[in-house]
$ cat input.pdb   # PDB, C-alpha atoms
ATOM      1  CA  THR A1258      -0.281  13.938 -12.654
ATOM      2  CA  GLN A1259      -1.955  11.673 -10.173
ATOM      3  CA  LEU A1260      -5.152  11.509 -12.236
ATOM      4  CA  LEU A1261      -6.854   8.125 -12.489
ATOM      5  CA  GLU A1262      -9.500   7.673 -15.150
ATOM      6  CA  GLN A1263     -12.107   4.995 -14.681
ATOM      7  CA  SER A1264     -14.459   3.720 -17.339
ATOM      8  CA  PRO A1265     -17.250   3.283 -17.870
ATOM      9  CA  GLN A1266     -18.717   5.754 -15.410
ATOM     10  CA  PHE A1267     -21.978   3.799 -15.166
ATOM     11  CA  LEU A1268     -22.867   0.215 -16.017
ATOM     12  CA  SER A1269     -26.248  -1.477 -15.721
ATOM     13  CA  ILE A1270     -26.451  -5.169 -16.589
ATOM     14  CA  GLN A1271     -28.587  -8.233 -16.011
ATOM     15  CA  GLU A1272     -27.698 -10.909 -13.498
ATOM     16  CA  GLY A1273     -25.455 -13.541 -15.087
ATOM     17  CA  GLU A1274     -23.700 -11.223 -17.540
ATOM     18  CA  ASN A1275     -19.946 -10.627 -17.578
ATOM     19  CA  LEU A1276     -18.379  -7.177 -17.392
ATOM     20  CA  THR A1277     -15.041  -5.408 -17.334
ATOM     21  CA  VAL A1278     -14.199  -2.011 -15.853
ATOM     22  CA  TYR A1279     -10.989  -0.103 -16.399
ATOM     23  CA  CYS A1280      -8.604   2.175 -14.542
ATOM     24  CA  ASN A1281      -6.013   4.154 -16.519
ATOM     25  CA  SER A1282      -3.309   6.701 -15.889
ATOM     26  CA  SER A1283      -0.620   8.412 -17.932
ATOM     27  CA  SER A1284       1.959   7.687 -15.235
ATOM     28  CA  VAL A1285       3.348   4.484 -13.788
ATOM     29  CA  PHE A1286       1.855   3.039 -10.618
ATOM     30  CA  SER A1287       3.989   1.479  -7.927
ATOM     31  CA  SER A1288       0.854  -0.362  -6.852
ATOM     32  CA  LEU A1289      -2.862  -0.108  -7.395
ATOM     33  CA  GLN A1290      -5.794  -0.923  -5.160
ATOM     34  CA  TRP A1291      -9.380  -1.815  -6.047
ATOM     35  CA  TYR A1292     -12.235  -1.065  -3.668
ATOM     36  CA  ARG A1293     -15.984  -1.647  -3.671
ATOM     37  CA  GLN A1294     -18.260   0.837  -1.961
ATOM     38  CA  GLU A1295     -21.937   0.366  -1.169
ATOM     39  CA  PRO A1296     -24.236   3.383  -0.703
ATOM     40  CA  GLY A1297     -23.786   5.023   2.687
ATOM     41  CA  GLU A1298     -20.730   2.941   3.567
ATOM     42  CA  GLY A1299     -16.965   3.301   3.346
ATOM     43  CA  PRO A1300     -14.946   1.636   0.562
ATOM     44  CA  VAL A1301     -13.888  -1.953   1.193
ATOM     45  CA  LEU A1302     -10.482  -3.045  -0.078
ATOM     46  CA  LEU A1303     -10.738  -5.892  -2.597
ATOM     47  CA  VAL A1304      -7.179  -6.341  -3.816
ATOM     48  CA  THR A1305      -3.770  -4.718  -4.289
ATOM     49  CA  VAL A1306      -1.747  -5.374  -7.440
ATOM     50  CA  VAL A1307       1.944  -4.603  -7.538
ATOM     51  CA  THR A1308       3.735  -6.388 -10.375
ATOM     52  CA  GLY A1309       3.280  -5.539 -14.069
ATOM     53  CA  GLY A1310       1.217  -8.237 -15.770
ATOM     54  CA  GLU A1311      -0.055  -9.559 -12.452
ATOM     55  CA  VAL A1312      -3.423 -11.305 -12.367
ATOM     56  CA  LYS A1313      -5.312 -11.888  -9.118
ATOM     57  CA  LYS A1314      -8.577 -13.726  -8.660
ATOM     58  CA  LEU A1315     -11.120 -13.269  -5.916
ATOM     59  CA  LYS A1316     -13.966 -15.728  -6.544
ATOM     60  CA  ARG A1317     -15.747 -14.347  -9.644
ATOM     61  CA  LEU A1318     -13.575 -11.212  -9.769
ATOM     62  CA  THR A1319     -10.370 -11.130 -11.826
ATOM     63  CA  PHE A1320      -7.972  -8.203 -11.463
ATOM     64  CA  GLN A1321      -5.234  -7.485 -13.972
ATOM     65  CA  PHE A1322      -2.360  -5.028 -13.786
ATOM     66  CA  GLY A1323      -1.005  -3.840 -17.135
ATOM     67  CA  ASP A1324       2.505  -4.810 -18.157
ATOM     68  CA  ALA A1325       3.601  -1.168 -18.074
ATOM     69  CA  ARG A1326       1.840  -0.605 -14.732
ATOM     70  CA  LYS A1327      -0.198   2.291 -16.123
ATOM     71  CA  ASP A1328      -3.560   0.564 -16.256
ATOM     72  CA  SER A1329      -5.652  -2.081 -14.574
ATOM     73  CA  SER A1330      -8.888  -3.905 -15.207
ATOM     74  CA  LEU A1331     -11.483  -5.686 -13.120
ATOM     75  CA  HIS A1332     -13.517  -8.441 -14.755
ATOM     76  CA  ILE A1333     -16.599  -9.906 -13.097
ATOM     77  CA  THR A1334     -17.945 -13.227 -14.321
ATOM     78  CA  ALA A1335     -21.639 -14.059 -13.984
ATOM     79  CA  ALA A1336     -22.491 -10.865 -12.109
ATOM     80  CA  GLN A1337     -24.942 -11.066  -9.217
ATOM     81  CA  PRO A1338     -27.110  -8.366  -7.605
ATOM     82  CA  GLY A1339     -24.757  -8.467  -4.613
ATOM     83  CA  ASP A1340     -21.997  -7.112  -6.881
ATOM     84  CA  THR A1341     -23.880  -3.812  -7.160
ATOM     85  CA  GLY A1342     -21.820  -0.878  -5.925
ATOM     86  CA  LEU A1343     -19.217   1.735  -6.763
ATOM     87  CA  TYR A1344     -15.891   0.252  -7.870
ATOM     88  CA  LEU A1345     -12.937   2.506  -7.145
ATOM     89  CA  CYS A1346      -9.307   2.215  -8.068
ATOM     90  CA  ALA A1347      -6.593   4.020  -6.129
ATOM     91  CA  ARG A1348      -2.870   4.481  -6.359
ATOM     92  CA  TYR A1349      -0.405   4.983  -3.520
ATOM     93  CA  ASN A1350       2.222   7.662  -4.088
ATOM     94  CA  PHE A1351       4.278   9.794  -1.714
ATOM     95  CA  ASN A1352       2.426   8.521   1.368
ATOM     96  CA  LYS A1353      -1.005   9.379  -0.041
ATOM     97  CA  PHE A1354      -3.730   7.552  -1.913
ATOM     98  CA  TYR A1355      -5.316   9.011  -5.042
ATOM     99  CA  PHE A1356      -8.684   7.741  -6.198
ATOM    100  CA  GLY A1357     -10.479   7.580  -9.491
ATOM    101  CA  SER A1358     -14.098   8.727  -9.669
ATOM    102  CA  GLY A1359     -15.309   5.145  -9.852
ATOM    103  CA  THR A1360     -17.584   2.926 -11.934
ATOM    104  CA  LYS A1361     -21.113   2.652 -10.621
ATOM    105  CA  LEU A1362     -22.365  -0.891 -11.290
ATOM    106  CA  ASN A1363     -25.984  -1.954 -11.063
ATOM    107  CA  VAL A1364     -26.775  -5.643 -11.487
ATOM    108  CA  LYS A1365     -30.469  -6.266 -12.063
ATOM    109  CA  PRO A1366     -32.034  -9.568 -10.957
TER
ATOM    110  CA  ASP B1020     -14.645  -5.845  15.828
ATOM    111  CA  THR B1021     -11.206  -4.303  15.335
ATOM    112  CA  GLY B1022     -11.936  -2.338  12.154
ATOM    113  CA  VAL B1023     -12.007   1.432  11.709
ATOM    114  CA  SER B1024     -14.969   3.087  13.394
ATOM    115  CA  GLN B1025     -16.446   6.552  12.929
ATOM    116  CA  ASP B1026     -18.921   8.521  14.975
ATOM    117  CA  PRO B1027     -21.499   9.799  14.304
ATOM    118  CA  ARG B1028     -22.676   8.007  11.172
ATOM    119  CA  HIS B1029     -24.972  10.867  10.246
ATOM    120  CA  LYS B1030     -25.004  14.538  11.205
ATOM    121  CA  ILE B1031     -27.529  17.161  10.179
ATOM    122  CA  THR B1032     -26.671  20.716  11.116
ATOM    123  CA  LYS B1033     -27.631  24.262  10.263
ATOM    124  CA  ARG B1034     -25.360  26.549   8.337
ATOM    125  CA  GLY B1035     -22.963  28.379  10.624
ATOM    126  CA  GLN B1036     -22.828  25.685  13.307
ATOM    127  CA  ASN B1037     -19.672  23.791  14.286
ATOM    128  CA  VAL B1038     -19.453  20.019  13.989
ATOM    129  CA  THR B1039     -16.897  17.459  15.176
ATOM    130  CA  PHE B1040     -16.389  13.928  13.912
ATOM    131  CA  ARG B1041     -14.403  11.139  15.523
ATOM    132  CA  CYS B1042     -12.410   8.307  13.976
ATOM    133  CA  ASP B1043     -10.965   5.296  15.799
ATOM    134  CA  PRO B1044      -8.417   3.527  13.579
ATOM    135  CA  ILE B1045      -7.280  -0.088  13.660
ATOM    136  CA  SER B1046      -5.304  -0.214  16.887
ATOM    137  CA  GLU B1047      -1.842  -1.032  15.543
ATOM    138  CA  HIS B1048      -2.080   1.374  12.579
ATOM    139  CA  ASN B1049       0.097   4.449  12.921
ATOM    140  CA  ARG B1050      -1.232   6.314   9.860
ATOM    141  CA  LEU B1051      -4.668   7.888   9.770
ATOM    142  CA  TYR B1052      -6.240   9.642   6.785
ATOM    143  CA  TRP B1053      -9.281  11.875   6.366
ATOM    144  CA  TYR B1054     -11.135  12.119   3.055
ATOM    145  CA  ARG B1055     -14.191  13.891   1.739
ATOM    146  CA  GLN B1056     -16.459  12.247  -0.813
ATOM    147  CA  THR B1057     -19.280  13.877  -2.726
ATOM    148  CA  LEU B1058     -21.899  12.093  -4.797
ATOM    149  CA  GLY B1059     -20.526  10.424  -7.902
ATOM    150  CA  GLN B1060     -16.901  11.063  -6.991
ATOM    151  CA  GLY B1061     -14.085   9.122  -5.437
ATOM    152  CA  PRO B1062     -12.691  10.097  -2.030
ATOM    153  CA  GLU B1063     -10.594  13.302  -2.001
ATOM    154  CA  PHE B1064      -7.641  13.500   0.356
ATOM    155  CA  LEU B1065      -7.948  16.056   3.163
ATOM    156  CA  THR B1066      -5.156  15.323   5.624
ATOM    157  CA  TYR B1067      -3.136  12.554   7.229
ATOM    158  CA  PHE B1068      -1.364  11.801  10.476
ATOM    159  CA  GLN B1069       1.550   9.603  11.331
ATOM    160  CA  ASN B1070       1.142   8.842  15.001
ATOM    161  CA  GLU B1071       0.201  12.223  16.520
ATOM    162  CA  ALA B1072       1.909  14.362  13.864
ATOM    163  CA  GLN B1073      -0.194  15.909  11.097
ATOM    164  CA  LEU B1074       2.137  15.514   8.125
ATOM    165  CA  GLU B1075       0.134  16.962   5.261
ATOM    166  CA  LYS B1076      -3.030  18.953   4.585
ATOM    167  CA  SER B1077      -4.751  19.357   1.261
ATOM    168  CA  ARG B1078      -5.455  22.787  -0.174
ATOM    169  CA  LEU B1079      -9.099  21.652  -0.009
ATOM    170  CA  LEU B1080      -8.834  21.974   3.763
ATOM    171  CA  SER B1081      -9.810  25.590   4.452
ATOM    172  CA  ASP B1082      -9.029  27.311   7.734
ATOM    173  CA  ARG B1083     -12.509  26.321   8.945
ATOM    174  CA  PHE B1084     -11.335  22.710   9.075
ATOM    175  CA  SER B1085      -9.044  21.376  11.771
ATOM    176  CA  ALA B1086      -7.972  17.857  12.618
ATOM    177  CA  GLU B1087      -6.189  16.412  15.612
ATOM    178  CA  ARG B1088      -4.817  13.095  16.736
ATOM    179  CA  PRO B1089      -3.679  13.972  20.247
ATOM    180  CA  LYS B1090      -2.290  10.650  21.463
ATOM    181  CA  GLY B1091      -1.666   8.971  18.155
ATOM    182  CA  SER B1092      -4.796   6.878  18.496
ATOM    183  CA  PHE B1093      -8.229   8.333  17.685
ATOM    184  CA  SER B1094      -8.612  11.469  15.584
ATOM    185  CA  THR B1095     -11.154  14.274  15.387
ATOM    186  CA  LEU B1096     -12.108  16.454  12.443
ATOM    187  CA  GLU B1097     -13.821  19.737  13.268
ATOM    188  CA  ILE B1098     -15.584  22.012  10.816
ATOM    189  CA  GLN B1099     -16.340  25.506  12.058
ATOM    190  CA  ARG B1100     -19.059  27.764  10.633
ATOM    191  CA  THR B1101     -20.384  25.059   8.351
ATOM    192  CA  GLU B1102     -21.528  25.943   4.844
ATOM    193  CA  GLN B1103     -23.899  24.077   2.551
ATOM    194  CA  GLY B1104     -20.929  23.155   0.373
ATOM    195  CA  ASP B1105     -19.505  21.149   3.270
ATOM    196  CA  SER B1106     -22.282  18.578   2.840
ATOM    197  CA  ALA B1107     -20.523  15.328   1.967
ATOM    198  CA  MET B1108     -19.419  11.963   3.294
ATOM    199  CA  TYR B1109     -16.342  12.281   5.517
ATOM    200  CA  LEU B1110     -14.268   9.119   5.489
ATOM    201  CA  CYS B1111     -11.458   8.013   7.754
ATOM    202  CA  ALA B1112      -8.924   5.325   6.865
ATOM    203  CA  SER B1113      -5.913   3.848   8.601
ATOM    204  CA  SER B1114      -2.782   2.017   7.526
ATOM    205  CA  LEU B1115       0.689   1.021   8.622
ATOM    206  CA  VAL B1116       3.635   3.229   7.683
ATOM    207  CA  GLY B1117       4.934   2.216   4.268
ATOM    208  CA  ALA B1118       1.984  -0.040   3.524
ATOM    209  CA  ASP B1119       0.178   0.517   0.242
ATOM    210  CA  GLU B1120      -3.146  -0.621   1.652
ATOM    211  CA  GLN B1121      -5.540   1.304   3.813
ATOM    212  CA  PHE B1122      -8.774   0.365   5.509
ATOM    213  CA  PHE B1123     -11.780   2.619   5.698
ATOM    214  CA  GLY B1124     -14.394   3.309   8.322
ATOM    215  CA  PRO B1125     -18.089   3.528   7.455
ATOM    216  CA  GLY B1126     -17.997   7.309   7.109
ATOM    217  CA  THR B1127     -19.923  10.230   8.575
ATOM    218  CA  ARG B1128     -22.594  11.689   6.303
ATOM    219  CA  LEU B1129     -22.853  15.468   6.926
ATOM    220  CA  THR B1130     -25.844  17.454   5.739
ATOM    221  CA  VAL B1131     -25.739  21.231   6.173
ATOM    222  CA  LEU B1132     -29.137  22.884   5.871
TER
END
$ encode --input "input.pdb" --output "structure tokens"
Amino acid sequence: TQLLEQSPQFLSIQEGENLTVYCNSSSVFSSLQWYRQEPGEGPVLLVTVVTGGEVKKLKRLTFQFGDARKDSSLHITAAQPGDTGLYLCARYNFNKFYFGSGTKLNVKP
Amino acid sequence: DTGVSQDPRHKITKRGQNVTFRCDPISEHNRLYWYRQTLGQGPEFLTYFQNEAQLEKSRLLSDRFSAERPKGSFSTLEIQRTEQGDSAMYLCASSLVGADEQFFGPGTRLTVL
């Protein structure tokens, strides 16, 4: 199955809090992408992780790829209202990209 | 700006009308994808092209939907006899062959009344 499960589905937090969102599958990924999408816009690629156990940082965002390459997490430190959006994970397989349903994050000032 | 562009950004139409959307990919990208996204969901694959060849179509793509990429550059997606269930965001993305990253346009929001 190409199914990607993202959790939580919704998250509403105060500015300055930390959070983690998850992306899981029962099958192994060759690579996994994280995107952020704002209302009315297309998804914007944040990062691609390829190697099991890999950790990538993008300012206050930390992306981790599980050792078995079946799961990934995105951790945001000191969230800001500008982080508000839909966070999507996607996997690339057989020339196509398969997306999870996303985590909708709302950061309140 | 050399990113992916889509036109129009918004389209409101009446049920039964035909609509056509355009996507201009990043110029050196030879793969072009179309997706549909409804509220609260991630993008769902519709079809993709490698250069001018349409290599795969999803079962979601009924015979009312057709896509072309005549010269391997821009692409069009046409929906004939629109239905209210076609209301969604239609997204285009492009990539290089073999690359596991793709880049999206801003989308076309279709509303069928």
$ axis_aligned_box --input "input.pdb" --around "region 1117-1123 of chain B" --padding-each-side "6 Å" --output "AutoDock Vina command-line options"
--center_x -3.4 --center_y 1.0 --center_z 3.0 --size_x 28.7 --size_y 15.2 --size_z 17.5
$ closest_atom_pairs --input "input.pdb" --of "chain A" --to "chain B" --cutoff "7 Å" --atoms "all atoms listed in the file" --output "Markdown table"
| residue | atom | partner | partner_atom | distance |
| --- | --- | --- | --- | --- |
| A:Glu1298 | CA | B:Pro1125 | CA | 4.7 |
| A:Gly1299 | CA | B:Pro1125 | CA | 4.3 |
| A:Pro1300 | CA | B:Phe1123 | CA | 6.1 |
| A:Val1301 | CA | B:Phe1123 | CA | 6.8 |
| A:Leu1302 | CA | B:Phe1122 | CA | 6.8 |
| A:Leu1345 | CA | B:Gly1061 | CA | 6.9 |
| A:Tyr1349 | CA | B:Asp1119 | CA | 5.9 |
| A:Phe1356 | CA | B:Gly1061 | CA | 5.6 |
| A:Gly1357 | CA | B:Gly1061 | CA | 5.6 |
| A:Ser1358 | CA | B:Gly1061 | CA | 4.3 |
| A:Gly1359 | CA | B:Gly1061 | CA | 6.1 |
$ atom_distance --input "input.pdb" --atom1 "CA of Thr1305 (chain A)" --atom2 "CA of Ser1329 (chain A)"
10.8 Å
$ resolve_selection --input "input.pdb" --expression "the PyMOL selection byres ((chain B and resi 1095-1099) around 10)" --output "JSON, numbers by chain"
{"B": [1025, 1026, 1034, 1035, 1036, 1037, 1038, 1039, 1040, 1041, 1042, 1043, 1053, 1066, 1080, 1081, 1082, 1083, 1084, 1085, 1086, 1087, 1088, 1089, 1093, 1094, 1100, 1101, 1102, 1105, 1109, 1111]}
$ residues_near_point --input "input.pdb" --point "(-31.2, -3.1, -10.0)" --cutoff "9 Å" --atoms "only C-alpha atoms" --output "CSV table (one decimal) with C-alpha atoms, keeping the file's coordinate frame"
chain,number,residue,atom,x,y,z
A,1269,SER,CA,-26.2,-1.5,-15.7
A,1270,ILE,CA,-26.5,-5.2,-16.6
A,1271,GLN,CA,-28.6,-8.2,-16.0
A,1338,PRO,CA,-27.1,-8.4,-7.6
A,1341,THR,CA,-23.9,-3.8,-7.2
A,1363,ASN,CA,-26.0,-2.0,-11.1
A,1364,VAL,CA,-26.8,-5.6,-11.5
A,1365,LYS,CA,-30.5,-6.3,-12.1
A,1366,PRO,CA,-32.0,-9.6,-11.0
